[in-house]
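As stored in coords08.cif (mmCIF, N, CA and C atoms):
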```cif
data_entry
#
loop_
_atom_site.label_atom_id
_atom_site.label_comp_id
_atom_site.auth_asym_id
_atom_site.auth_seq_id
_atom_site.Cartn_x
_atom_site.Cartn_y
_atom_site.Cartn_z
N MET D 256 -65.42 23.32 -125.52
CA MET D 256 -65.70 23.70 -126.89
C MET D 256 -66.95 22.99 -127.40
N PHE D 257 -67.15 21.75 -127.02
CA PHE D 257 -68.30 20.99 -127.48
C PHE D 257 -69.61 21.58 -126.98
N PHE D 258 -69.66 21.97 -125.70
CA PHE D 258 -70.92 22.43 -125.12
C PHE D 258 -71.39 23.76 -125.70
N PRO D 259 -70.54 24.80 -125.90
CA PRO D 259 -71.03 26.01 -126.54
C PRO D 259 -71.53 25.75 -127.96
N ALA D 260 -70.85 24.90 -128.71
CA ALA D 260 -71.30 24.59 -130.07
C ALA D 260 -72.64 23.88 -130.04
N MET D 261 -72.83 22.96 -129.13
CA MET D 261 -74.10 22.24 -129.01
C MET D 261 -75.21 23.19 -128.58
N ALA D 262 -74.93 24.09 -127.66
CA ALA D 262 -75.94 25.05 -127.22
C ALA D 262 -76.36 25.96 -128.37
N LEU D 263 -75.41 26.38 -129.19
CA LEU D 263 -75.73 27.21 -130.34
C LEU D 263 -76.60 26.44 -131.33
N LEU D 264 -76.26 25.20 -131.58
CA LEU D 264 -77.04 24.37 -132.49
C LEU D 264 -78.46 24.21 -131.98
N LEU D 265 -78.61 23.93 -130.70
CA LEU D 265 -79.94 23.75 -130.12
C LEU D 265 -80.74 25.04 -130.14
N SER D 266 -80.08 26.18 -129.87
CA SER D 266 -80.82 27.44 -129.84
C SER D 266 -81.33 27.81 -131.22
N THR D 267 -80.57 27.55 -132.27
CA THR D 267 -81.03 27.86 -133.63
C THR D 267 -82.16 26.94 -134.03
N SER D 268 -82.02 25.65 -133.73
CA SER D 268 -83.06 24.72 -134.14
C SER D 268 -84.35 24.91 -133.34
N ALA D 269 -84.28 25.53 -132.17
CA ALA D 269 -85.46 25.77 -131.35
C ALA D 269 -86.21 27.04 -131.76
N MET D 270 -85.63 27.86 -132.63
CA MET D 270 -86.30 29.09 -133.07
C MET D 270 -87.57 28.75 -133.84
N SER D 271 -88.55 29.62 -133.71
CA SER D 271 -89.78 29.47 -134.49
C SER D 271 -89.51 29.84 -135.94
N ALA D 272 -90.27 29.22 -136.84
CA ALA D 272 -90.14 29.55 -138.26
C ALA D 272 -90.41 31.04 -138.46
N GLY D 273 -89.59 31.66 -139.29
CA GLY D 273 -89.77 33.08 -139.60
C GLY D 273 -89.19 34.03 -138.58
N THR D 274 -88.41 33.53 -137.63
CA THR D 274 -87.80 34.40 -136.63
C THR D 274 -86.28 34.27 -136.67
N GLY D 275 -85.62 35.26 -136.10
CA GLY D 275 -84.16 35.22 -136.05
C GLY D 275 -83.60 36.27 -135.12
N THR D 276 -82.29 36.28 -135.00
CA THR D 276 -81.57 37.26 -134.19
C THR D 276 -80.43 37.82 -135.04
N LEU D 277 -80.31 39.13 -135.03
CA LEU D 277 -79.24 39.83 -135.72
C LEU D 277 -78.38 40.54 -134.69
N TRP D 278 -77.08 40.28 -134.74
CA TRP D 278 -76.13 40.95 -133.86
C TRP D 278 -75.37 41.97 -134.67
N LEU D 279 -75.37 43.23 -134.21
CA LEU D 279 -74.58 44.30 -134.82
C LEU D 279 -73.55 44.73 -133.79
N ASP D 280 -72.28 44.47 -134.08
CA ASP D 280 -71.20 44.74 -133.13
C ASP D 280 -71.51 44.18 -131.74
N GLY D 281 -72.07 42.97 -131.71
CA GLY D 281 -72.31 42.26 -130.46
C GLY D 281 -73.65 42.52 -129.80
N GLU D 282 -74.40 43.51 -130.25
CA GLU D 282 -75.71 43.82 -129.67
C GLU D 282 -76.79 43.07 -130.44
N ALA D 283 -77.61 42.29 -129.73
CA ALA D 283 -78.60 41.42 -130.36
C ALA D 283 -79.94 42.11 -130.54
N PHE D 284 -80.58 41.84 -131.70
CA PHE D 284 -81.89 42.37 -132.01
C PHE D 284 -82.74 41.26 -132.63
N PRO D 285 -84.00 41.11 -132.18
CA PRO D 285 -84.88 40.13 -132.83
C PRO D 285 -85.30 40.66 -134.20
N VAL D 286 -85.40 39.75 -135.17
CA VAL D 286 -85.82 40.12 -136.52
C VAL D 286 -86.82 39.10 -137.04
N GLU D 287 -87.55 39.51 -138.05
CA GLU D 287 -88.47 38.63 -138.76
C GLU D 287 -87.78 38.18 -140.05
N VAL D 288 -87.70 36.88 -140.27
CA VAL D 288 -87.16 36.36 -141.52
C VAL D 288 -88.28 36.46 -142.55
N THR D 289 -88.05 37.24 -143.59
CA THR D 289 -89.11 37.54 -144.55
C THR D 289 -89.06 36.68 -145.80
N SER D 290 -87.89 36.11 -146.12
CA SER D 290 -87.80 35.31 -147.34
C SER D 290 -86.63 34.34 -147.27
N CYS D 291 -86.81 33.22 -147.95
CA CYS D 291 -85.77 32.21 -148.14
C CYS D 291 -86.01 31.58 -149.50
N ALA D 292 -85.22 31.95 -150.47
CA ALA D 292 -85.38 31.42 -151.82
C ALA D 292 -84.28 30.41 -152.12
N GLU D 293 -84.58 29.49 -153.03
CA GLU D 293 -83.61 28.46 -153.38
C GLU D 293 -82.90 28.72 -154.70
N ASP D 294 -83.52 29.40 -155.63
CA ASP D 294 -82.88 29.60 -156.93
C ASP D 294 -83.20 30.98 -157.45
N PRO D 295 -82.34 31.97 -157.30
CA PRO D 295 -81.05 31.88 -156.64
C PRO D 295 -81.22 31.86 -155.13
N GLU D 296 -80.17 31.45 -154.44
CA GLU D 296 -80.22 31.37 -152.98
C GLU D 296 -80.13 32.78 -152.39
N THR D 297 -81.27 33.29 -151.95
CA THR D 297 -81.34 34.59 -151.29
C THR D 297 -82.23 34.46 -150.07
N ALA D 298 -81.93 35.21 -149.04
CA ALA D 298 -82.75 35.22 -147.83
C ALA D 298 -82.75 36.65 -147.30
N GLY D 299 -83.84 37.02 -146.65
CA GLY D 299 -83.94 38.37 -146.11
C GLY D 299 -84.59 38.38 -144.75
N ALA D 300 -84.30 39.43 -143.99
CA ALA D 300 -84.89 39.62 -142.67
C ALA D 300 -85.02 41.12 -142.41
N ARG D 301 -85.93 41.47 -141.49
CA ARG D 301 -86.08 42.87 -141.12
C ARG D 301 -86.46 42.98 -139.66
N GLY D 302 -86.15 44.13 -139.08
CA GLY D 302 -86.49 44.35 -137.69
C GLY D 302 -86.37 45.82 -137.33
N THR D 303 -86.59 46.10 -136.06
CA THR D 303 -86.48 47.45 -135.54
C THR D 303 -85.51 47.43 -134.37
N LEU D 304 -84.57 48.35 -134.38
CA LEU D 304 -83.58 48.43 -133.31
C LEU D 304 -84.15 49.16 -132.10
N ALA D 305 -83.43 49.11 -131.00
CA ALA D 305 -83.90 49.72 -129.76
C ALA D 305 -84.17 51.22 -129.91
N ASP D 306 -83.42 51.89 -130.79
CA ASP D 306 -83.61 53.33 -130.97
C ASP D 306 -84.71 53.66 -131.99
N GLY D 307 -85.42 52.64 -132.48
CA GLY D 307 -86.51 52.85 -133.41
C GLY D 307 -86.12 52.78 -134.88
N GLN D 308 -84.83 52.73 -135.18
CA GLN D 308 -84.40 52.62 -136.57
C GLN D 308 -84.71 51.23 -137.12
N SER D 309 -85.05 51.18 -138.40
CA SER D 309 -85.28 49.88 -139.02
C SER D 309 -83.96 49.33 -139.55
N VAL D 310 -83.91 48.01 -139.65
CA VAL D 310 -82.73 47.33 -140.17
C VAL D 310 -83.20 46.20 -141.07
N THR D 311 -82.54 46.01 -142.19
CA THR D 311 -82.83 44.89 -143.07
C THR D 311 -81.54 44.14 -143.36
N LEU D 312 -81.68 42.87 -143.63
CA LEU D 312 -80.55 41.99 -143.89
C LEU D 312 -80.84 41.21 -145.17
N MET D 313 -79.84 41.05 -146.02
CA MET D 313 -79.97 40.23 -147.23
C MET D 313 -78.76 39.31 -147.31
N LEU D 314 -79.04 38.03 -147.50
CA LEU D 314 -78.00 37.02 -147.71
C LEU D 314 -78.14 36.53 -149.14
N GLN D 315 -77.02 36.38 -149.84
CA GLN D 315 -77.04 35.90 -151.21
C GLN D 315 -75.90 34.93 -151.44
N ARG D 316 -76.22 33.81 -152.09
CA ARG D 316 -75.22 32.80 -152.47
C ARG D 316 -75.36 32.56 -153.97
N TRP D 317 -74.38 32.98 -154.72
CA TRP D 317 -74.33 32.68 -156.15
C TRP D 317 -73.24 31.64 -156.35
N PRO D 318 -73.22 30.95 -157.46
CA PRO D 318 -72.09 30.03 -157.71
C PRO D 318 -70.77 30.79 -157.63
N GLY D 319 -69.97 30.43 -156.64
CA GLY D 319 -68.66 31.04 -156.46
C GLY D 319 -68.63 32.35 -155.70
N MET D 320 -69.78 32.89 -155.25
CA MET D 320 -69.80 34.20 -154.59
C MET D 320 -70.79 34.21 -153.43
N HIS D 321 -70.42 34.87 -152.34
CA HIS D 321 -71.30 35.07 -151.19
C HIS D 321 -71.43 36.57 -150.94
N ALA D 322 -72.60 37.00 -150.45
CA ALA D 322 -72.79 38.40 -150.08
C ALA D 322 -73.67 38.50 -148.85
N LEU D 323 -73.30 39.40 -147.96
CA LEU D 323 -74.03 39.72 -146.73
C LEU D 323 -74.23 41.22 -146.77
N SER D 324 -75.47 41.68 -146.72
CA SER D 324 -75.77 43.10 -146.83
C SER D 324 -76.73 43.50 -145.72
N VAL D 325 -76.43 44.61 -145.06
CA VAL D 325 -77.28 45.15 -144.00
C VAL D 325 -77.58 46.61 -144.34
N THR D 326 -78.86 46.97 -144.30
CA THR D 326 -79.24 48.37 -144.48
C THR D 326 -79.62 48.90 -143.10
N TYR D 327 -78.86 49.92 -142.66
CA TYR D 327 -78.99 50.41 -141.29
C TYR D 327 -78.29 51.77 -141.21
N ASP D 328 -78.74 52.64 -140.38
CA ASP D 328 -78.08 53.92 -140.14
C ASP D 328 -77.94 54.72 -141.44
N ASN D 329 -79.01 54.74 -142.25
CA ASN D 329 -79.02 55.47 -143.53
C ASN D 329 -77.90 55.06 -144.47
N ALA D 330 -77.46 53.82 -144.39
CA ALA D 330 -76.39 53.34 -145.27
C ALA D 330 -76.56 51.85 -145.54
N GLN D 331 -75.95 51.40 -146.63
CA GLN D 331 -75.90 49.98 -146.91
C GLN D 331 -74.50 49.50 -146.52
N TRP D 332 -74.46 48.42 -145.75
CA TRP D 332 -73.21 47.83 -145.27
C TRP D 332 -73.07 46.48 -145.96
N VAL D 333 -71.96 46.23 -146.62
CA VAL D 333 -71.82 45.06 -147.46
C VAL D 333 -70.53 44.31 -147.17
N HIS D 334 -70.60 43.00 -147.29
CA HIS D 334 -69.43 42.11 -147.27
C HIS D 334 -69.69 41.06 -148.34
N ARG D 335 -68.85 41.02 -149.35
CA ARG D 335 -69.02 40.02 -150.40
C ARG D 335 -67.66 39.60 -150.92
N GLY D 336 -67.63 38.42 -151.48
CA GLY D 336 -66.39 37.93 -152.05
C GLY D 336 -66.53 36.50 -152.53
N PRO D 337 -65.51 36.00 -153.23
CA PRO D 337 -65.53 34.61 -153.70
C PRO D 337 -65.72 33.66 -152.52
N GLU D 338 -66.61 32.67 -152.67
CA GLU D 338 -67.00 31.83 -151.54
C GLU D 338 -65.85 31.07 -150.90
N ASP D 339 -64.81 30.77 -151.63
CA ASP D 339 -63.68 30.01 -151.08
C ASP D 339 -62.51 30.89 -150.69
N SER D 340 -62.77 32.16 -150.39
CA SER D 340 -61.68 33.08 -150.06
C SER D 340 -61.90 33.69 -148.68
N ALA D 341 -60.86 34.28 -148.16
CA ALA D 341 -60.94 34.97 -146.88
C ALA D 341 -61.82 36.21 -146.97
N GLU D 342 -62.06 36.72 -148.18
CA GLU D 342 -62.88 37.92 -148.35
C GLU D 342 -64.38 37.64 -148.23
N ALA D 343 -64.78 36.38 -148.32
CA ALA D 343 -66.21 36.05 -148.31
C ALA D 343 -66.76 35.99 -146.88
N PRO D 344 -68.00 36.44 -146.69
CA PRO D 344 -68.63 36.25 -145.39
C PRO D 344 -68.97 34.77 -145.20
N GLU D 345 -69.13 34.36 -143.96
CA GLU D 345 -69.54 32.99 -143.66
C GLU D 345 -71.05 32.90 -143.87
N LEU D 346 -71.50 32.07 -144.80
CA LEU D 346 -72.92 31.86 -145.04
C LEU D 346 -73.20 30.37 -145.09
N LYS D 347 -74.06 29.91 -144.19
CA LYS D 347 -74.46 28.50 -144.20
C LYS D 347 -75.51 28.30 -145.29
N ARG D 348 -75.45 27.19 -145.96
CA ARG D 348 -76.46 26.86 -146.98
C ARG D 348 -77.76 26.45 -146.27
N TRP D 349 -78.87 27.09 -146.60
CA TRP D 349 -80.13 26.89 -145.87
C TRP D 349 -81.18 26.07 -146.62
N VAL D 350 -80.95 25.72 -147.86
CA VAL D 350 -82.01 25.08 -148.64
C VAL D 350 -82.36 23.68 -148.12
N ASP D 351 -81.48 23.03 -147.40
CA ASP D 351 -81.77 21.68 -146.91
C ASP D 351 -82.58 21.67 -145.62
N ASP D 352 -82.24 22.56 -144.67
CA ASP D 352 -82.88 22.49 -143.36
C ASP D 352 -83.59 23.78 -142.93
N GLY D 353 -83.50 24.84 -143.72
CA GLY D 353 -84.18 26.09 -143.39
C GLY D 353 -83.53 26.90 -142.30
N ILE D 354 -82.33 26.51 -141.86
CA ILE D 354 -81.63 27.24 -140.81
C ILE D 354 -80.65 28.21 -141.46
N LEU D 355 -80.76 29.48 -141.08
CA LEU D 355 -79.91 30.54 -141.61
C LEU D 355 -78.82 30.88 -140.62
N LYS D 356 -77.58 31.00 -141.09
CA LYS D 356 -76.47 31.45 -140.26
C LYS D 356 -75.53 32.23 -141.15
N ALA D 357 -75.12 33.39 -140.68
CA ALA D 357 -74.20 34.22 -141.44
C ALA D 357 -73.37 35.05 -140.48
N SER D 358 -72.16 35.38 -140.89
CA SER D 358 -71.33 36.28 -140.09
C SER D 358 -70.26 36.89 -140.99
N GLY D 359 -69.81 38.05 -140.59
CA GLY D 359 -68.76 38.74 -141.32
C GLY D 359 -68.66 40.18 -140.87
N THR D 360 -67.65 40.85 -141.35
CA THR D 360 -67.48 42.27 -141.09
C THR D 360 -67.94 43.03 -142.31
N VAL D 361 -68.91 43.89 -142.14
CA VAL D 361 -69.46 44.65 -143.25
C VAL D 361 -68.93 46.08 -143.21
N SER D 362 -68.83 46.69 -144.39
CA SER D 362 -68.36 48.07 -144.52
C SER D 362 -69.38 48.87 -145.31
N VAL D 363 -69.38 50.17 -145.11
CA VAL D 363 -70.30 51.05 -145.82
C VAL D 363 -70.03 50.95 -147.32
N PHE D 364 -71.11 50.85 -148.11
CA PHE D 364 -71.00 50.77 -149.55
C PHE D 364 -72.00 51.71 -150.20
N PRO D 365 -71.63 52.54 -151.17
CA PRO D 365 -70.25 52.74 -151.60
C PRO D 365 -69.45 53.39 -150.48
N PRO D 366 -68.14 53.26 -150.53
CA PRO D 366 -67.30 53.72 -149.41
C PRO D 366 -67.24 55.24 -149.26
N ILE D 367 -68.38 55.83 -148.84
CA ILE D 367 -68.44 57.28 -148.66
C ILE D 367 -67.83 57.69 -147.32
N ARG D 368 -67.67 56.74 -146.42
CA ARG D 368 -67.00 56.99 -145.15
C ARG D 368 -66.32 55.69 -144.71
N GLN D 369 -65.30 55.82 -143.91
CA GLN D 369 -64.59 54.65 -143.40
C GLN D 369 -65.32 54.14 -142.16
N ALA D 370 -66.09 53.09 -142.32
CA ALA D 370 -66.82 52.52 -141.18
C ALA D 370 -67.07 51.05 -141.46
N SER D 371 -67.00 50.25 -140.40
CA SER D 371 -67.31 48.83 -140.53
C SER D 371 -67.92 48.35 -139.22
N MET D 372 -68.60 47.21 -139.27
CA MET D 372 -69.15 46.60 -138.07
C MET D 372 -69.21 45.09 -138.27
N THR D 373 -69.19 44.39 -137.16
CA THR D 373 -69.28 42.94 -137.17
C THR D 373 -70.74 42.54 -137.12
N VAL D 374 -71.13 41.65 -138.02
CA VAL D 374 -72.52 41.21 -138.11
C VAL D 374 -72.58 39.70 -137.94
N ARG D 375 -73.54 39.26 -137.17
CA ARG D 375 -73.84 37.83 -137.05
C ARG D 375 -75.35 37.69 -137.12
N PHE D 376 -75.82 36.63 -137.79
CA PHE D 376 -77.25 36.44 -137.94
C PHE D 376 -77.56 34.95 -137.85
N GLU D 377 -78.63 34.62 -137.16
CA GLU D 377 -79.14 33.26 -137.09
C GLU D 377 -80.66 33.33 -137.15
N GLY D 378 -81.25 32.40 -137.89
CA GLY D 378 -82.71 32.40 -137.98
C GLY D 378 -83.22 31.14 -138.68
N ARG D 379 -84.55 31.09 -138.82
CA ARG D 379 -85.20 29.98 -139.51
C ARG D 379 -86.08 30.55 -140.62
N CYS D 380 -86.07 29.87 -141.74
CA CYS D 380 -86.91 30.30 -142.86
C CYS D 380 -88.38 30.25 -142.46
N PRO D 381 -89.19 31.15 -143.04
CA PRO D 381 -90.62 31.13 -142.73
C PRO D 381 -91.29 29.86 -143.23
N GLY D 382 -92.33 29.44 -142.50
CA GLY D 382 -93.18 28.30 -142.79
C GLY D 382 -92.80 27.51 -143.94
#
```
Taking this structure as input, can you express it in the form of structure tokens?
Amino acid sequence: MFFPAMALLLSTSAMSAGTGTLWLDGEAFPVEVTSCAEDPETAGARGTLADGQSVTLMLQRWPGMHALSVTYDNAQWVHRGPEDSAEAPELKRWVDDGILKASGTVSVFPPIRQASMTVRFEGRCPG
């Protein structure tokens, strides 16, 4: 258990500023981290998937609330909830070290169809 956690920590800290990886249902895609704000805490990233579709990611931390949003496949996929609840996505606070980490299951919003996917993201804030 210690070694996979250490490898993950080292891989994130070794990333170049402004780069990241987005996993959609386990498939990894390189992305560009486009923003990291402190007040309010918001971060964004964008990239292109293997099939040529664009994907964007938005992380938001408000007092008491977390949100993870992915725009992909002509839809917005969202996971949000009170930060201390099971409904909230996992969002690491990035203002201290510039390292972004997020994970959760996102669903289509508004719920025009029943669909969800697992999202994981790791990256470093730009310069």
Kindly resolve the PyMOL selection byres ((chain D and resi 312-323) around 8) on the present coordinates and return the residues as a PyMOL selection string.
chain D and resi 295-302+309-311+324-327+332-340+342-346+357-361
Those residues you just picked out, can you put them in a file as a compact mmCIF listing (two decimals), keeping the file's coordinate frame with N, CA and C atoms?
```
# COMPACT_ATOMS: atom_id res chain seq x y z
N PRO D 295 -82.34 31.97 -157.30
CA PRO D 295 -81.05 31.88 -156.64
C PRO D 295 -81.22 31.86 -155.13
N GLU D 296 -80.17 31.45 -154.44
CA GLU D 296 -80.22 31.37 -152.98
C GLU D 296 -80.13 32.78 -152.39
N THR D 297 -81.27 33.29 -151.95
CA THR D 297 -81.34 34.59 -151.29
C THR D 297 -82.23 34.46 -150.07
N ALA D 298 -81.93 35.21 -149.04
CA ALA D 298 -82.75 35.22 -147.83
C ALA D 298 -82.75 36.65 -147.30
N GLY D 299 -83.84 37.02 -146.65
CA GLY D 299 -83.94 38.37 -146.11
C GLY D 299 -84.59 38.38 -144.75
N ALA D 300 -84.30 39.43 -143.99
CA ALA D 300 -84.89 39.62 -142.67
C ALA D 300 -85.02 41.12 -142.41
N ARG D 301 -85.93 41.47 -141.49
CA ARG D 301 -86.08 42.87 -141.12
C ARG D 301 -86.46 42.98 -139.66
N GLY D 302 -86.15 44.13 -139.08
CA GLY D 302 -86.49 44.35 -137.69
C GLY D 302 -86.37 45.82 -137.33
N SER D 309 -85.05 51.18 -138.40
CA SER D 309 -85.28 49.88 -139.02
C SER D 309 -83.96 49.33 -139.55
N VAL D 310 -83.91 48.01 -139.65
CA VAL D 310 -82.73 47.33 -140.17
C VAL D 310 -83.20 46.20 -141.07
N THR D 311 -82.54 46.01 -142.19
CA THR D 311 -82.83 44.89 -143.07
C THR D 311 -81.54 44.14 -143.36
N SER D 324 -75.47 41.68 -146.72
CA SER D 324 -75.77 43.10 -146.83
C SER D 324 -76.73 43.50 -145.72
N VAL D 325 -76.43 44.61 -145.06
CA VAL D 325 -77.28 45.15 -144.00
C VAL D 325 -77.58 46.61 -144.34
N THR D 326 -78.86 46.97 -144.30
CA THR D 326 -79.24 48.37 -144.48
C THR D 326 -79.62 48.90 -143.10
N TYR D 327 -78.86 49.92 -142.66
CA TYR D 327 -78.99 50.41 -141.29
C TYR D 327 -78.29 51.77 -141.21
N TRP D 332 -74.46 48.42 -145.75
CA TRP D 332 -73.21 47.83 -145.27
C TRP D 332 -73.07 46.48 -145.96
N VAL D 333 -71.96 46.23 -146.62
CA VAL D 333 -71.82 45.06 -147.46
C VAL D 333 -70.53 44.31 -147.17
N HIS D 334 -70.60 43.00 -147.29
CA HIS D 334 -69.43 42.11 -147.27
C HIS D 334 -69.69 41.06 -148.34
N ARG D 335 -68.85 41.02 -149.35
CA ARG D 335 -69.02 40.02 -150.40
C ARG D 335 -67.66 39.60 -150.92
N GLY D 336 -67.63 38.42 -151.48
CA GLY D 336 -66.39 37.93 -152.05
C GLY D 336 -66.53 36.50 -152.53
N PRO D 337 -65.51 36.00 -153.23
CA PRO D 337 -65.53 34.61 -153.70
C PRO D 337 -65.72 33.66 -152.52
N GLU D 338 -66.61 32.67 -152.67
CA GLU D 338 -67.00 31.83 -151.54
C GLU D 338 -65.85 31.07 -150.90
N ASP D 339 -64.81 30.77 -151.63
CA ASP D 339 -63.68 30.01 -151.08
C ASP D 339 -62.51 30.89 -150.69
N SER D 340 -62.77 32.16 -150.39
CA SER D 340 -61.68 33.08 -150.06
C SER D 340 -61.90 33.69 -148.68
N GLU D 342 -62.06 36.72 -148.18
CA GLU D 342 -62.88 37.92 -148.35
C GLU D 342 -64.38 37.64 -148.23
N ALA D 343 -64.78 36.38 -148.32
CA ALA D 343 -66.21 36.05 -148.31
C ALA D 343 -66.76 35.99 -146.88
N PRO D 344 -68.00 36.44 -146.69
CA PRO D 344 -68.63 36.25 -145.39
C PRO D 344 -68.97 34.77 -145.20
N GLU D 345 -69.13 34.36 -143.96
CA GLU D 345 -69.54 32.99 -143.66
C GLU D 345 -71.05 32.90 -143.87
N LEU D 346 -71.50 32.07 -144.80
CA LEU D 346 -72.92 31.86 -145.04
C LEU D 346 -73.20 30.37 -145.09
N ALA D 357 -75.12 33.39 -140.68
CA ALA D 357 -74.20 34.22 -141.44
C ALA D 357 -73.37 35.05 -140.48
N SER D 358 -72.16 35.38 -140.89
CA SER D 358 -71.33 36.28 -140.09
C SER D 358 -70.26 36.89 -140.99
N GLY D 359 -69.81 38.05 -140.59
CA GLY D 359 -68.76 38.74 -141.32
C GLY D 359 -68.66 40.18 -140.87
N THR D 360 -67.65 40.85 -141.35
CA THR D 360 -67.48 42.27 -141.09
C THR D 360 -67.94 43.03 -142.31
N VAL D 361 -68.91 43.89 -142.14
CA VAL D 361 -69.46 44.65 -143.25
C VAL D 361 -68.93 46.08 -143.21
```
Hey, what's within 7 Å of D:Thr274 if we count only C-alpha atoms and toss same-chain stuff fewer than 3 positions away? As an NGL selection string, please?
:D and (270-271 or 286-288 or 378-379)
Considering only strand (DSSP E) as DSSP defines it on the backbone, what residues of chain D qualify? List them as a PyMOL selection string.
chain D and resi 274-279+282-293+296-303+309-317+320-327+330-337+345-346+354-364+371-379
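The space between atom CA of D:Asp351 and atom C of D:Ala272 spans 15.3 Å.
Going from atom CA of D:Leu279 to atom CA of D:Val374 covers 5.0 Å.
Atom N of D:Gln308 is positioned 13.8 Å from atom C of D:Leu277.
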When DSSP is applied to the backbone of this structure, which of chain D are assigned helix (DSSP H, G or I)? Write them out as an MDAnalysis selection string.
chainID D and resid 257:268
How would the residues just picked look written out with N, CA and C atoms as an mmCIF file, in the frame of the given file?
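Listing of part.cif after writing:
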```cif
data_model
loop_
_atom_site.group_PDB
_atom_site.id
_atom_site.type_symbol
_atom_site.label_atom_id
_atom_site.label_comp_id
_atom_site.auth_asym_id
_atom_site.auth_seq_id
_atom_site.Cartn_x
_atom_site.Cartn_y
_atom_site.Cartn_z
ATOM 1 N N PHE D 257 -67.150 21.750 -127.020
ATOM 2 C CA PHE D 257 -68.300 20.990 -127.480
ATOM 3 C C PHE D 257 -69.610 21.580 -126.980
ATOM 4 N N PHE D 258 -69.660 21.970 -125.700
ATOM 5 C CA PHE D 258 -70.920 22.430 -125.120
ATOM 6 C C PHE D 258 -71.390 23.760 -125.700
ATOM 7 N N PRO D 259 -70.540 24.800 -125.900
ATOM 8 C CA PRO D 259 -71.030 26.010 -126.540
ATOM 9 C C PRO D 259 -71.530 25.750 -127.960
ATOM 10 N N ALA D 260 -70.850 24.900 -128.710
ATOM 11 C CA ALA D 260 -71.300 24.590 -130.070
ATOM 12 C C ALA D 260 -72.640 23.880 -130.040
ATOM 13 N N MET D 261 -72.830 22.960 -129.130
ATOM 14 C CA MET D 261 -74.100 22.240 -129.010
ATOM 15 C C MET D 261 -75.210 23.190 -128.580
ATOM 16 N N ALA D 262 -74.930 24.090 -127.660
ATOM 17 C CA ALA D 262 -75.940 25.050 -127.220
ATOM 18 C C ALA D 262 -76.360 25.960 -128.370
ATOM 19 N N LEU D 263 -75.410 26.380 -129.190
ATOM 20 C CA LEU D 263 -75.730 27.210 -130.340
ATOM 21 C C LEU D 263 -76.600 26.440 -131.330
ATOM 22 N N LEU D 264 -76.260 25.200 -131.580
ATOM 23 C CA LEU D 264 -77.040 24.370 -132.490
ATOM 24 C C LEU D 264 -78.460 24.210 -131.980
ATOM 25 N N LEU D 265 -78.610 23.930 -130.700
ATOM 26 C CA LEU D 265 -79.940 23.750 -130.120
ATOM 27 C C LEU D 265 -80.740 25.040 -130.140
ATOM 28 N N SER D 266 -80.080 26.180 -129.870
ATOM 29 C CA SER D 266 -80.820 27.440 -129.840
ATOM 30 C C SER D 266 -81.330 27.810 -131.220
ATOM 31 N N THR D 267 -80.570 27.550 -132.270
ATOM 32 C CA THR D 267 -81.030 27.860 -133.630
ATOM 33 C C THR D 267 -82.160 26.940 -134.030
ATOM 34 N N SER D 268 -82.020 25.650 -133.730
ATOM 35 C CA SER D 268 -83.060 24.720 -134.140
ATOM 36 C C SER D 268 -84.350 24.910 -133.340
#
```
Set up a box along x, y and z of the file covering all listed atoms of stretch 369-381 of chain D, add 8 Å on every one of the six sides, and write the centre and edge lengths in Å to one decimal, as AutoDock Vina command-line options.
```
--center_x -77.9 --center_y 42.8 --center_z -140.5 --size_x 42.7 --size_y 42.0 --size_z 22.9
```
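Take the candidates D:Ala341, D:Leu304, D:Ala283, D:Ala330 and check each one against D:Pro365 using all atoms listed in the file; the shortest distance goes to D:Ala330.
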Residue nearest D:Phe364 - candidates D:Gln331, D:Gly281, D:Arg348, D:Thr303, atoms counted: all atoms listed in the file
D:Gln331
